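To be precise, the following lines are coords.txt, and they hold compact mmCIF, C-alpha atoms (C1' of nucleotides).
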# COMPACT_ATOMS: atom_id res chain seq x y z
CA MET A 1 24.24 -8.16 0.09
CA LEU A 2 26.93 -7.05 -2.36
CA GLY A 3 28.30 -10.57 -2.33
CA VAL A 4 24.98 -11.97 -3.45
CA LEU A 5 24.87 -9.46 -6.25
CA ALA A 6 28.29 -10.55 -7.45
CA ASP A 7 27.32 -14.20 -7.21
CA ALA A 8 24.32 -13.52 -9.38
CA GLY A 9 26.56 -12.14 -12.10
CA PHE A 10 26.19 -8.42 -11.52
CA SER A 11 29.16 -6.09 -11.49
CA ASP A 12 30.39 -4.57 -8.30
CA THR A 13 30.10 -0.87 -9.09
CA ARG A 14 30.38 2.28 -7.05
CA ALA A 15 26.78 3.23 -7.76
CA ARG A 16 25.40 -0.08 -6.56
CA ARG A 17 27.56 -0.05 -3.46
CA ALA A 18 26.22 3.37 -2.57
CA VAL A 19 22.60 2.26 -3.00
CA VAL A 20 23.04 -0.96 -1.07
CA SER A 21 24.87 0.72 1.80
CA ALA A 22 22.29 3.47 2.16
CA LEU A 23 19.53 0.90 2.09
CA CYS A 24 21.13 -1.28 4.75
CA GLU A 25 21.91 1.62 7.04
CA SER A 26 18.36 2.85 7.07
CA ARG A 27 16.28 1.42 9.89
CA THR A 28 13.09 2.34 8.11
CA GLY A 29 11.78 1.68 4.64
CA VAL A 30 13.06 4.08 2.01
CA THR A 31 11.51 5.37 -1.17
CA PRO A 32 13.55 5.65 -4.37
CA GLY A 33 13.69 9.42 -3.92
CA LEU A 34 14.93 9.28 -0.36
CA LEU A 35 17.33 6.52 -1.20
CA LEU A 36 18.86 8.70 -3.90
CA GLN A 37 19.42 11.49 -1.39
CA GLN A 38 20.99 9.20 1.14
CA ALA A 39 23.12 7.29 -1.33
CA ARG A 40 24.47 10.51 -2.81
CA VAL A 41 26.30 11.12 0.44
CA ARG A 42 28.54 8.29 -0.68
CA HIS A 43 28.44 8.83 -4.41
CA ALA A 44 27.56 12.38 -5.37
CA GLY A 45 27.05 11.68 -9.05
CA LEU A 46 24.46 8.96 -8.54
CA GLY A 47 21.34 9.21 -10.69
CA GLN A 48 17.78 8.38 -9.81
CA VAL A 49 17.50 5.90 -12.63
CA THR A 50 20.28 3.78 -11.21
CA VAL A 51 18.47 3.65 -7.89
CA TYR A 52 15.37 2.30 -9.60
CA ARG A 53 17.39 -0.23 -11.54
CA THR A 54 19.34 -1.40 -8.52
CA LEU A 55 16.18 -1.79 -6.48
CA GLU A 56 14.67 -3.84 -9.26
CA ILE A 57 17.61 -6.24 -9.20
CA LEU A 58 17.61 -6.49 -5.43
CA GLU A 59 13.92 -7.19 -5.39
CA ARG A 60 14.22 -9.88 -8.03
CA LEU A 61 16.93 -11.54 -5.97
CA GLY A 62 14.73 -11.36 -2.88
CA LEU A 63 17.11 -9.10 -1.04
CA VAL A 64 14.66 -6.28 -0.57
CA ARG A 65 10.93 -6.17 -0.12
CA LYS A 66 8.40 -3.51 -1.01
CA LEU A 67 6.51 -1.94 1.86
CA HIS A 68 2.91 -0.93 1.43
CA GLN A 69 1.94 1.93 3.68
CA GLU A 70 -0.85 4.45 4.02
CA ASP A 71 1.15 7.10 2.25
CA GLY A 72 2.36 4.99 -0.63
CA CYS A 73 3.66 1.69 -1.82
CA SER A 74 7.05 2.56 -3.16
CA ALA A 75 9.22 2.13 -0.08
CA TYR A 76 11.72 -0.70 0.17
CA ALA A 77 13.33 -2.47 3.09
CA PRO A 78 16.00 -5.16 3.25
CA ALA A 79 14.51 -8.65 3.35
CA SER A 80 16.13 -10.90 5.88
CA SER A 81 15.02 -14.20 4.50
CA GLY A 82 12.96 -15.91 1.87
CA HIS A 83 9.66 -15.61 3.63
CA GLY A 84 9.08 -12.82 6.09
CA HIS A 85 6.69 -10.04 6.91
CA PRO A 86 7.48 -6.44 7.73
CA VAL A 87 6.49 -5.04 11.11
CA ILE A 88 6.38 -1.27 11.00
CA CYS A 89 6.32 1.21 13.88
CA ARG A 90 3.70 3.85 13.27
CA LYS A 91 5.58 6.37 15.35
CA CYS A 92 9.21 6.16 14.24
CA ARG A 93 8.70 4.05 11.15
CA SER A 94 11.36 1.60 12.20
CA THR A 95 10.85 -1.65 10.40
CA VAL A 96 11.84 -5.20 11.27
CA GLU A 97 11.01 -8.54 9.76
CA TYR A 98 8.92 -11.26 11.30
CA ASP A 99 10.01 -14.63 9.98
CA GLY A 100 8.23 -17.23 12.08
CA CYS A 101 5.17 -17.26 9.94
CA ALA A 102 2.70 -19.17 12.12
CA ILE A 103 -0.11 -18.48 9.78
CA ASP A 104 -0.94 -21.92 8.40
CA SER A 105 -4.13 -22.32 10.38
CA VAL A 106 -5.39 -19.02 9.03
CA LEU A 107 -4.71 -20.15 5.48
CA ARG A 108 -6.65 -23.35 6.03
CA ASP A 109 -9.57 -21.37 7.40
CA VAL A 110 -9.54 -19.06 4.39
CA SER A 111 -9.55 -22.04 2.06
CA ALA A 112 -12.41 -23.67 3.89
CA ARG A 113 -14.53 -20.55 3.89
CA THR A 114 -13.89 -19.17 0.42
CA GLY A 115 -13.23 -22.29 -1.62
CA TYR A 116 -10.10 -20.69 -3.02
CA ARG A 117 -6.93 -22.77 -2.95
CA VAL A 118 -4.58 -20.39 -1.18
CA GLU A 119 -1.08 -20.45 -2.64
CA SER A 120 0.59 -17.39 -1.22
CA HIS A 121 -0.14 -14.48 1.00
CA TRP A 122 1.11 -11.11 1.86
CA LEU A 123 1.05 -9.81 5.42
CA GLU A 124 2.18 -6.56 6.91
CA LEU A 125 1.94 -5.54 10.54
CA PHE A 126 1.71 -2.12 12.12
CA GLY A 127 2.22 -1.14 15.72
CA VAL A 128 4.64 0.50 18.10
CA CYS A 129 8.26 -0.55 18.51
CA PRO A 130 9.89 -1.20 21.91
CA ALA A 131 11.75 2.12 21.93
CA CYS A 132 8.65 4.15 21.20
CA ARG A 133 6.67 2.20 23.78
CA ARG A 134 9.12 3.29 26.45
CA ASN A 135 8.53 6.93 25.55
CA GLU A 136 4.77 6.76 25.83
CA MET B 1 -23.80 1.39 -1.35
CA LEU B 2 -25.56 4.44 -2.77
CA GLY B 3 -27.73 4.52 0.31
CA VAL B 4 -24.71 4.76 2.56
CA LEU B 5 -23.39 7.61 0.45
CA ALA B 6 -26.64 9.51 0.87
CA ASP B 7 -26.71 8.82 4.60
CA ALA B 8 -23.23 10.29 4.87
CA GLY B 9 -24.46 13.51 3.32
CA PHE B 10 -23.30 13.08 -0.26
CA SER B 11 -25.55 13.86 -3.20
CA ASP B 12 -27.00 11.10 -5.29
CA THR B 13 -25.65 12.02 -8.72
CA ARG B 14 -25.58 10.28 -12.03
CA ALA B 15 -21.78 10.19 -12.06
CA ARG B 16 -21.55 8.52 -8.68
CA ARG B 17 -24.23 6.01 -9.52
CA ALA B 18 -22.29 5.02 -12.63
CA VAL B 19 -19.06 4.56 -10.69
CA VAL B 20 -20.66 2.60 -7.88
CA SER B 21 -22.59 0.33 -10.25
CA ALA B 22 -19.55 -0.47 -12.35
CA LEU B 23 -17.54 -1.18 -9.23
CA CYS B 24 -20.14 -3.51 -7.78
CA GLU B 25 -20.64 -5.39 -11.02
CA SER B 26 -16.98 -6.13 -11.43
CA ARG B 27 -15.97 -9.44 -9.90
CA THR B 28 -12.33 -8.38 -9.86
CA GLY B 29 -10.53 -5.36 -8.53
CA VAL B 30 -10.60 -2.37 -10.83
CA THR B 31 -8.13 0.44 -11.38
CA PRO B 32 -9.34 4.02 -11.78
CA GLY B 33 -8.66 3.83 -15.50
CA LEU B 34 -10.61 0.63 -16.02
CA LEU B 35 -13.39 1.85 -13.80
CA LEU B 36 -13.74 4.95 -15.97
CA GLN B 37 -14.11 2.78 -19.08
CA GLN B 38 -16.70 0.56 -17.50
CA ALA B 39 -18.67 3.33 -15.85
CA ARG B 40 -18.82 5.27 -19.12
CA VAL B 41 -21.09 2.55 -20.47
CA ARG B 42 -23.68 4.01 -18.14
CA HIS B 43 -22.68 7.62 -18.23
CA ALA B 44 -20.77 8.54 -21.36
CA GLY B 45 -19.68 11.95 -20.18
CA LEU B 46 -18.00 10.74 -17.00
CA GLY B 47 -14.56 12.15 -16.31
CA GLN B 48 -11.56 10.41 -14.79
CA VAL B 49 -11.33 12.96 -12.02
CA THR B 50 -14.76 12.09 -10.74
CA VAL B 51 -13.76 8.45 -10.57
CA TYR B 52 -10.80 9.34 -8.38
CA ARG B 53 -12.94 11.54 -6.18
CA THR B 54 -15.69 8.98 -5.81
CA LEU B 55 -13.22 6.25 -4.94
CA GLU B 56 -11.73 8.51 -2.30
CA ILE B 57 -15.10 8.98 -0.67
CA LEU B 58 -15.96 5.29 -0.83
CA GLU B 59 -12.63 4.38 0.68
CA ARG B 60 -13.05 6.87 3.50
CA LEU B 61 -16.45 5.38 4.27
CA GLY B 62 -14.95 1.89 4.27
CA LEU B 63 -17.04 0.75 1.31
CA VAL B 64 -14.12 -0.10 -0.91
CA ARG B 65 -10.67 -1.38 -0.20
CA LYS B 66 -7.44 -0.97 -2.09
CA LEU B 67 -5.86 -4.10 -3.51
CA HIS B 68 -2.12 -4.48 -3.65
CA GLN B 69 -0.98 -6.72 -6.46
CA GLU B 70 2.18 -7.55 -8.34
CA ASP B 71 1.30 -5.20 -11.12
CA GLY B 72 0.29 -2.25 -9.04
CA CYS B 73 -1.47 -0.98 -5.97
CA SER B 74 -4.19 1.17 -7.43
CA ALA B 75 -7.00 -1.35 -7.85
CA TYR B 76 -10.12 -1.17 -5.70
CA ALA B 77 -12.69 -3.74 -4.68
CA PRO B 78 -15.92 -3.45 -2.69
CA ALA B 79 -15.37 -4.06 1.00
CA SER B 80 -17.98 -6.27 2.55
CA SER B 81 -17.44 -5.40 6.16
CA GLY B 82 -15.36 -3.45 8.58
CA HIS B 83 -12.52 -5.90 8.79
CA GLY B 84 -11.85 -8.25 5.93
CA HIS B 85 -9.09 -9.44 3.69
CA PRO B 86 -9.12 -9.85 -0.06
CA VAL B 87 -8.59 -13.29 -1.59
CA ILE B 88 -7.52 -12.98 -5.21
CA CYS B 89 -7.49 -15.64 -7.92
CA ARG B 90 -4.21 -15.50 -9.80
CA LYS B 91 -5.84 -16.91 -12.93
CA CYS B 92 -9.07 -14.98 -13.40
CA ARG B 93 -8.44 -12.23 -10.89
CA SER B 94 -11.79 -12.79 -9.24
CA THR B 95 -11.71 -11.35 -5.77
CA VAL B 96 -13.69 -12.17 -2.65
CA GLU B 97 -13.40 -11.09 0.94
CA TYR B 98 -12.43 -13.25 3.86
CA ASP B 99 -13.98 -11.91 7.03
CA GLY B 100 -13.36 -14.50 9.70
CA CYS B 101 -10.00 -13.18 10.61
CA ALA B 102 -8.62 -15.97 12.78
CA ILE B 103 -5.27 -14.37 13.03
CA ASP B 104 -4.99 -13.41 16.69
CA SER B 105 -2.52 -16.11 17.54
CA VAL B 106 -0.24 -14.91 14.76
CA LEU B 107 -0.37 -11.37 16.11
CA ARG B 108 0.57 -12.57 19.58
CA ASP B 109 3.51 -14.47 18.14
CA VAL B 110 4.70 -11.41 16.24
CA SER B 111 4.51 -9.33 19.41
CA ALA B 112 6.41 -11.90 21.39
CA ARG B 113 9.17 -12.24 18.84
CA THR B 114 9.68 -8.65 17.76
CA GLY B 115 8.74 -6.69 20.87
CA TYR B 116 6.48 -4.49 18.79
CA ARG B 117 2.97 -3.91 20.10
CA VAL B 118 0.91 -4.91 17.09
CA GLU B 119 -2.08 -2.64 16.54
CA SER B 120 -3.23 -3.44 13.05
CA HIS B 121 -2.38 -5.62 10.13
CA TRP B 122 -2.89 -5.95 6.49
CA LEU B 123 -3.36 -9.35 4.91
CA GLU B 124 -3.97 -10.33 1.34
CA LEU B 125 -4.29 -13.86 -0.02
CA PHE B 126 -3.56 -15.24 -3.46
CA GLY B 127 -4.58 -18.53 -4.96
CA VAL B 128 -7.00 -20.17 -7.35
CA CYS B 129 -10.77 -19.77 -7.18
CA PRO B 130 -13.20 -22.70 -7.32
CA ALA B 131 -14.16 -22.07 -10.97
CA CYS B 132 -10.55 -21.98 -12.15
CA ARG B 133 -9.72 -25.08 -10.13
CA ARG B 134 -12.36 -27.01 -12.03
CA ASN B 135 -10.70 -26.06 -15.32
CA GLU B 136 -7.25 -27.22 -14.34
C1' DT C 1 38.65 -5.29 -25.32
C1' DT C 2 33.96 -6.32 -24.64
C1' DA C 3 29.93 -6.29 -22.42
C1' DC C 4 27.67 -4.49 -18.68
C1' DT C 5 26.46 0.06 -16.32
C1' DT C 6 25.61 4.68 -15.80
C1' DG C 7 23.39 9.24 -15.91
C1' DC C 8 21.16 12.62 -18.65
C1' DA C 9 17.20 13.94 -21.07
C1' DA C 10 12.87 12.97 -22.67
C1' DA C 11 8.71 10.51 -22.59
C1' DA C 12 5.09 8.18 -20.46
C1' DA C 13 1.91 7.12 -16.95
C1' DC C 14 -0.61 8.35 -13.16
C1' DT C 15 -2.72 11.53 -9.83
C1' DT C 16 -3.94 16.07 -8.03
C1' DT C 17 -5.48 20.84 -8.37
C1' DG C 18 -7.99 25.13 -10.08
C1' DC C 19 -11.91 26.74 -11.90
C1' DA C 20 -16.21 27.92 -14.51
C1' DG C 21 -20.44 25.86 -15.42
C1' DG C 22 -24.11 22.31 -14.13
C1' DC C 23 -27.10 19.83 -11.20
C1' DG C 24 -29.19 17.89 -6.83
C1' DC C 25 -31.94 19.15 -3.22
C1' DG D 1 -31.52 29.60 -5.45
C1' DC D 2 -27.71 27.85 -2.91
C1' DG D 3 -24.11 25.08 -2.55
C1' DC D 4 -22.34 20.76 -3.73
C1' DC D 5 -20.61 18.30 -7.81
C1' DT D 6 -18.64 17.76 -12.41
C1' DG D 7 -15.48 17.77 -16.22
C1' DC D 8 -11.89 20.03 -18.65
C1' DA D 9 -7.38 21.61 -18.75
C1' DA D 10 -3.16 22.14 -16.62
C1' DA D 11 0.24 21.08 -13.32
C1' DG D 12 2.68 17.93 -10.43
C1' DT D 13 4.74 13.57 -9.36
C1' DT D 14 6.61 9.28 -10.14
C1' DT D 15 8.51 5.82 -13.10
C1' DT D 16 10.23 4.14 -17.60
C1' DT D 17 12.87 4.36 -21.89
C1' DG D 18 16.59 5.66 -25.37
C1' DC D 19 21.10 6.49 -25.90
C1' DA D 20 26.00 7.91 -25.83
C1' DA D 21 29.75 7.78 -22.69
C1' DG D 22 32.02 5.36 -18.85
C1' DT D 23 33.69 1.44 -16.16
C1' DA D 24 34.34 -3.45 -14.38
C1' DA D 25 36.43 -7.66 -15.49

For the structure just supplied, provide its representation as structure tokens.
Amino acid sequence: MLGVLADAGFSDTRARRAVVSALCESRTGVTPGLLLQQARVRHAGLGQVTVYRTLEILERLGLVRKLHQEDGCSAYAPASSGHGHPVICRKCRSTVEYDGCAIDSVLRDVSARTGYRVESHWLELFGVCPACRRNE
Amino acid sequence: MLGVLADAGFSDTRARRAVVSALCESRTGVTPGLLLQQARVRHAGLGQVTVYRTLEILERLGLVRKLHQEDGCSAYAPASSGHGHPVICRKCRSTVEYDGCAIDSVLRDVSARTGYRVESHWLELFGVCPACRRNE
DNA sequence: TTACTTGCAAAAACTTTGCAGGCGC
DNA sequence: GCGCCTGCAAAGTTTTTGCAAGTAA
């Protein structure tokens, strides 16, 4: 992810490395506040503002995606590919991406029923991850 | 919508009528701030806090749904039925609901590929409404 | 060196809470 | 009349902005 940043013309700084590492190590979505805490383990002097600014860059480059959850819409998770949808465990919050978007038939149905020409969509899935299922 | 409020044990007050009317008349999603402006046409003394509190009730009763858009996640739109998905015009912002959720096959695919047991989902669609298509 | 980055502090925006008075029933 | 409801004011939270100092290239 740092490589992509460099390719896009952004400097390789200690602050950004700390944010990116913390983000990638987290198996769940992280809010800017939590990300600050976790990234400070690597770079004690890190400021909240830099976290916001780094997230903004990463989002613009498509490297992270915002998660929208019951308790807020400010969490971010790494985005594996151009088009994907987060699948979130409601027990442990672990988050993975679903890429094989087999949703075309749904889009056609929406178009047919509403008259809207559908150009994009946003899908998020909630459930229970394999590990949590084993502990049920 | 006011009837449902009464049935659920809430008083029929002037403030709530103003909020509900303004919400129903709007063909797009409305934020709490905008809703205050529009509802004050009917009830000049209305306060922002009451708008928040009314929206909270309506959401709990399933009468309104939150919209998540590029520019924020605090807009609300009337919810037609138990399970539906908003379809939003990116030009005029007009918003309708798509109810015929033909998405089961997608959910099965997600389950198969990620191992997560999918229990619920959240889908939002963006495109161009019939009226805006005619003006293109 | 030069331009991009950073972190602090302050401001702004948004949402929630406490409370005395008002209103529906 | 009782208890729910309201609006103001204040507090809390989150995010953005301005700016001087620091750092990558």

For this session: Give me, as a ChimeraX atom specification, the contact residues of chain B against chain C at a cut-off of 8 Å, counting all atoms listed in the file.
Result: /B:11-13

Exercise. Expressed in Å to a single decimal, how great is the separation between CA of Ala112 (chain A) and CA of His121 (chain B)?
Worked result: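 Atom-to-atom, CA of Ala112 (chain A) to CA of His121 (chain B), that is 21.6 Å.
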
Please build the interface table for chain A against chain D with a cut-off of 12 Å, listing for each qualifying residue the nearest atom pair and the distance in Å to one decimal; count only C-alpha atoms (C1' of nucleotides), order rows by chain and increasing number, and write it as CSV.
residue,atom,partner,partner_atom,distance
A:Ala6,CA,D:DA24,C1',11.6
A:Gly9,CA,D:DA25,C1',11.4
A:Phe10,CA,D:DA24,C1',10.0
A:Ser11,CA,D:DA24,C1',6.5
A:Asp12,CA,D:DA24,C1',7.3
A:Thr13,CA,D:DA24,C1',7.3
A:Arg14,CA,D:DT23,C1',9.7
A:Ala15,CA,D:DT23,C1',11.0
A:Thr31,CA,D:DT14,C1',10.9
A:Pro32,CA,D:DT14,C1',9.7
A:Gly33,CA,D:DT14,C1',9.4
A:Gln48,CA,D:DT15,C1',10.2
A:Val49,CA,D:DT16,C1',9.0
A:Thr50,CA,D:DT16,C1',11.9
A:Val51,CA,D:DT15,C1',11.4
A:Tyr52,CA,D:DT15,C1',8.5
A:Arg53,CA,D:DT16,C1',10.3
A:Gly72,CA,D:DT14,C1',11.3
A:Cys73,CA,D:DT14,C1',11.6
A:Ser74,CA,D:DT14,C1',9.7

Atoms kept (C-alpha atoms) for selection, written as a CSV table (one decimal), in the frame of the given file:
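Output (selection32.csv):
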chain,number,residue,atom,x,y,z
A,6,ALA,CA,28.3,-10.6,-7.4
A,9,GLY,CA,26.6,-12.1,-12.1
A,10,PHE,CA,26.2,-8.4,-11.5
A,11,SER,CA,29.2,-6.1,-11.5
A,12,ASP,CA,30.4,-4.6,-8.3
A,13,THR,CA,30.1,-0.9,-9.1
A,14,ARG,CA,30.4,2.3,-7.0
A,15,ALA,CA,26.8,3.2,-7.8
A,31,THR,CA,11.5,5.4,-1.2
A,32,PRO,CA,13.6,5.6,-4.4
A,33,GLY,CA,13.7,9.4,-3.9
A,48,GLN,CA,17.8,8.4,-9.8
A,49,VAL,CA,17.5,5.9,-12.6
A,50,THR,CA,20.3,3.8,-11.2
A,51,VAL,CA,18.5,3.6,-7.9
A,52,TYR,CA,15.4,2.3,-9.6
A,53,ARG,CA,17.4,-0.2,-11.5
A,72,GLY,CA,2.4,5.0,-0.6
A,73,CYS,CA,3.7,1.7,-1.8
A,74,SER,CA,7.0,2.6,-3.2

For this session: Mind checking which residues fall within 12 Å of His85 (chain A), counting all atoms listed in the file, ignoring those fewer than 5 positions away in the same chain, and posting them as a PyMOL selection string?
Result: (chain A and resi 64-68+77-80+95-103+121-126) or (chain B and resi 106-107+110+114+121-123)

Save the residues we just selected, C-alpha atoms, as a PDB file, in the coordinates of the input?
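part27.pdb, freshly written:
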ATOM      1  CA  VAL A  64      14.660  -6.280  -0.570  1.00  0.00           C
ATOM      2  CA  ARG A  65      10.930  -6.170  -0.120  1.00  0.00           C
ATOM      3  CA  LYS A  66       8.400  -3.510  -1.010  1.00  0.00           C
ATOM      4  CA  LEU A  67       6.510  -1.940   1.860  1.00  0.00           C
ATOM      5  CA  HIS A  68       2.910  -0.930   1.430  1.00  0.00           C
ATOM      6  CA  ALA A  77      13.330  -2.470   3.090  1.00  0.00           C
ATOM      7  CA  PRO A  78      16.000  -5.160   3.250  1.00  0.00           C
ATOM      8  CA  ALA A  79      14.510  -8.650   3.350  1.00  0.00           C
ATOM      9  CA  SER A  80      16.130 -10.900   5.880  1.00  0.00           C
ATOM     10  CA  THR A  95      10.850  -1.650  10.400  1.00  0.00           C
ATOM     11  CA  VAL A  96      11.840  -5.200  11.270  1.00  0.00           C
ATOM     12  CA  GLU A  97      11.010  -8.540   9.760  1.00  0.00           C
ATOM     13  CA  TYR A  98       8.920 -11.260  11.300  1.00  0.00           C
ATOM     14  CA  ASP A  99      10.010 -14.630   9.980  1.00  0.00           C
ATOM     15  CA  GLY A 100       8.230 -17.230  12.080  1.00  0.00           C
ATOM     16  CA  CYS A 101       5.170 -17.260   9.940  1.00  0.00           C
ATOM     17  CA  ALA A 102       2.700 -19.170  12.120  1.00  0.00           C
ATOM     18  CA  ILE A 103      -0.110 -18.480   9.780  1.00  0.00           C
ATOM     19  CA  HIS A 121      -0.140 -14.480   1.000  1.00  0.00           C
ATOM     20  CA  TRP A 122       1.110 -11.110   1.860  1.00  0.00           C
ATOM     21  CA  LEU A 123       1.050  -9.810   5.420  1.00  0.00           C
ATOM     22  CA  GLU A 124       2.180  -6.560   6.910  1.00  0.00           C
ATOM     23  CA  LEU A 125       1.940  -5.540  10.540  1.00  0.00           C
ATOM     24  CA  PHE A 126       1.710  -2.120  12.120  1.00  0.00           C
TER      25      PHE A 126
ATOM     26  CA  VAL B 106      -0.240 -14.910  14.760  1.00  0.00           C
ATOM     27  CA  LEU B 107      -0.370 -11.370  16.110  1.00  0.00           C
ATOM     28  CA  VAL B 110       4.700 -11.410  16.240  1.00  0.00           C
ATOM     29  CA  THR B 114       9.680  -8.650  17.760  1.00  0.00           C
ATOM     30  CA  HIS B 121      -2.380  -5.620  10.130  1.00  0.00           C
ATOM     31  CA  TRP B 122      -2.890  -5.950   6.490  1.00  0.00           C
ATOM     32  CA  LEU B 123      -3.360  -9.350   4.910  1.00  0.00           C
TER      33      LEU B 123
END

Chain A in the frame of chain B after full C-alpha superposition, as a compact mmCIF listing (two decimals) with C-alpha atoms, keeping the file's coordinate frame:
# COMPACT_ATOMS: atom_id res chain seq x y z
CA MET A 1 -23.78 1.35 -1.30
CA LEU A 2 -25.53 4.42 -2.70
CA GLY A 3 -27.69 4.51 0.40
CA VAL A 4 -24.65 4.74 2.62
CA LEU A 5 -23.34 7.58 0.53
CA ALA A 6 -26.58 9.47 0.96
CA ASP A 7 -26.60 8.80 4.68
CA ALA A 8 -23.13 10.25 4.93
CA GLY A 9 -24.34 13.49 3.40
CA PHE A 10 -23.22 13.06 -0.18
CA SER A 11 -25.47 13.86 -3.10
CA ASP A 12 -26.95 11.14 -5.21
CA THR A 13 -25.61 12.06 -8.64
CA ARG A 14 -25.54 10.33 -11.98
CA ALA A 15 -21.76 10.24 -12.02
CA ARG A 16 -21.51 8.55 -8.64
CA ARG A 17 -24.20 6.05 -9.50
CA ALA A 18 -22.30 5.08 -12.61
CA VAL A 19 -19.05 4.58 -10.68
CA VAL A 20 -20.65 2.62 -7.88
CA SER A 21 -22.59 0.36 -10.24
CA ALA A 22 -19.56 -0.43 -12.37
CA LEU A 23 -17.55 -1.15 -9.26
CA CYS A 24 -20.16 -3.49 -7.80
CA GLU A 25 -20.68 -5.36 -11.04
CA SER A 26 -17.03 -6.14 -11.44
CA ARG A 27 -16.01 -9.45 -9.91
CA THR A 28 -12.39 -8.41 -9.89
CA GLY A 29 -10.57 -5.39 -8.57
CA VAL A 30 -10.64 -2.40 -10.89
CA THR A 31 -8.18 0.41 -11.44
CA PRO A 32 -9.37 4.00 -11.80
CA GLY A 33 -8.68 3.82 -15.53
CA LEU A 34 -10.65 0.65 -16.07
CA LEU A 35 -13.41 1.86 -13.84
CA LEU A 36 -13.76 4.97 -15.99
CA GLN A 37 -14.14 2.82 -19.10
CA GLN A 38 -16.72 0.60 -17.51
CA ALA A 39 -18.68 3.38 -15.86
CA ARG A 40 -18.86 5.32 -19.11
CA VAL A 41 -21.14 2.63 -20.47
CA ARG A 42 -23.70 4.07 -18.11
CA HIS A 43 -22.68 7.70 -18.19
CA ALA A 44 -20.79 8.64 -21.32
CA GLY A 45 -19.69 12.05 -20.12
CA LEU A 46 -18.01 10.79 -16.97
CA GLY A 47 -14.54 12.16 -16.27
CA GLN A 48 -11.55 10.43 -14.78
CA VAL A 49 -11.29 12.96 -12.00
CA THR A 50 -14.74 12.10 -10.72
CA VAL A 51 -13.76 8.45 -10.56
CA TYR A 52 -10.79 9.31 -8.38
CA ARG A 53 -12.90 11.51 -6.16
CA THR A 54 -15.67 8.97 -5.80
CA LEU A 55 -13.21 6.23 -4.94
CA GLU A 56 -11.68 8.45 -2.31
CA ILE A 57 -15.06 8.94 -0.65
CA LEU A 58 -15.92 5.26 -0.83
CA GLU A 59 -12.61 4.32 0.67
CA ARG A 60 -12.98 6.80 3.50
CA LEU A 61 -16.38 5.33 4.27
CA GLY A 62 -14.92 1.83 4.24
CA LEU A 63 -17.01 0.73 1.32
CA VAL A 64 -14.11 -0.13 -0.92
CA ARG A 65 -10.65 -1.43 -0.25
CA LYS A 66 -7.42 -1.00 -2.16
CA LEU A 67 -5.86 -4.13 -3.59
CA HIS A 68 -2.12 -4.49 -3.71
CA GLN A 69 -0.99 -6.74 -6.52
CA GLU A 70 2.19 -7.57 -8.38
CA ASP A 71 1.32 -5.23 -11.19
CA GLY A 72 0.27 -2.27 -9.09
CA CYS A 73 -1.50 -1.01 -6.05
CA SER A 74 -4.22 1.13 -7.50
CA ALA A 75 -7.03 -1.38 -7.91
CA TYR A 76 -10.14 -1.20 -5.75
CA ALA A 77 -12.71 -3.77 -4.73
CA PRO A 78 -15.92 -3.46 -2.73
CA ALA A 79 -15.38 -4.11 0.97
CA SER A 80 -17.99 -6.32 2.50
CA SER A 81 -17.45 -5.43 6.10
CA GLY A 82 -15.35 -3.46 8.51
CA HIS A 83 -12.53 -5.92 8.76
CA GLY A 84 -11.83 -8.28 5.91
CA HIS A 85 -9.07 -9.47 3.65
CA PRO A 86 -9.12 -9.87 -0.10
CA VAL A 87 -8.56 -13.30 -1.62
CA ILE A 88 -7.52 -12.99 -5.23
CA CYS A 89 -7.48 -15.66 -7.94
CA ARG A 90 -4.23 -15.52 -9.85
CA LYS A 91 -5.84 -16.95 -12.94
CA CYS A 92 -9.09 -15.04 -13.42
CA ARG A 93 -8.46 -12.29 -10.92
CA SER A 94 -11.80 -12.83 -9.25
CA THR A 95 -11.72 -11.39 -5.79
CA VAL A 96 -13.70 -12.22 -2.67
CA GLU A 97 -13.40 -11.14 0.92
CA TYR A 98 -12.41 -13.28 3.85
CA ASP A 99 -13.97 -11.95 7.02
CA GLY A 100 -13.36 -14.55 9.69
CA CYS A 101 -10.02 -13.19 10.64
CA ALA A 102 -8.61 -15.99 12.80
CA ILE A 103 -5.28 -14.34 13.02
CA ASP A 104 -5.03 -13.39 16.69
CA SER A 105 -2.53 -16.08 17.56
CA VAL A 106 -0.25 -14.87 14.80
CA LEU A 107 -0.42 -11.33 16.14
CA ARG A 108 0.53 -12.51 19.61
CA ASP A 109 3.48 -14.40 18.19
CA VAL A 110 4.65 -11.34 16.28
CA SER A 111 4.44 -9.25 19.43
CA ALA A 112 6.36 -11.79 21.44
CA ARG A 113 9.12 -12.10 18.89
CA THR A 114 9.59 -8.50 17.80
CA GLY A 115 8.64 -6.55 20.90
CA TYR A 116 6.36 -4.37 18.81
CA ARG A 117 2.84 -3.82 20.12
CA VAL A 118 0.82 -4.85 17.09
CA GLU A 119 -2.20 -2.62 16.53
CA SER A 120 -3.34 -3.43 13.04
CA HIS A 121 -2.42 -5.59 10.13
CA TRP A 122 -2.97 -5.93 6.50
CA LEU A 123 -3.35 -9.32 4.85
CA GLU A 124 -3.95 -10.32 1.29
CA LEU A 125 -4.25 -13.83 -0.06
CA PHE A 126 -3.54 -15.22 -3.49
CA GLY A 127 -4.55 -18.54 -4.96
CA VAL A 128 -6.96 -20.19 -7.35
CA CYS A 129 -10.72 -19.80 -7.19
CA PRO A 130 -13.15 -22.76 -7.30
CA ALA A 131 -14.11 -22.15 -10.93
CA CYS A 132 -10.53 -22.05 -12.13
CA ARG A 133 -9.67 -25.13 -10.09
CA ARG A 134 -12.30 -27.08 -11.99
CA ASN A 135 -10.67 -26.13 -15.28
CA GLU A 136 -7.21 -27.29 -14.31
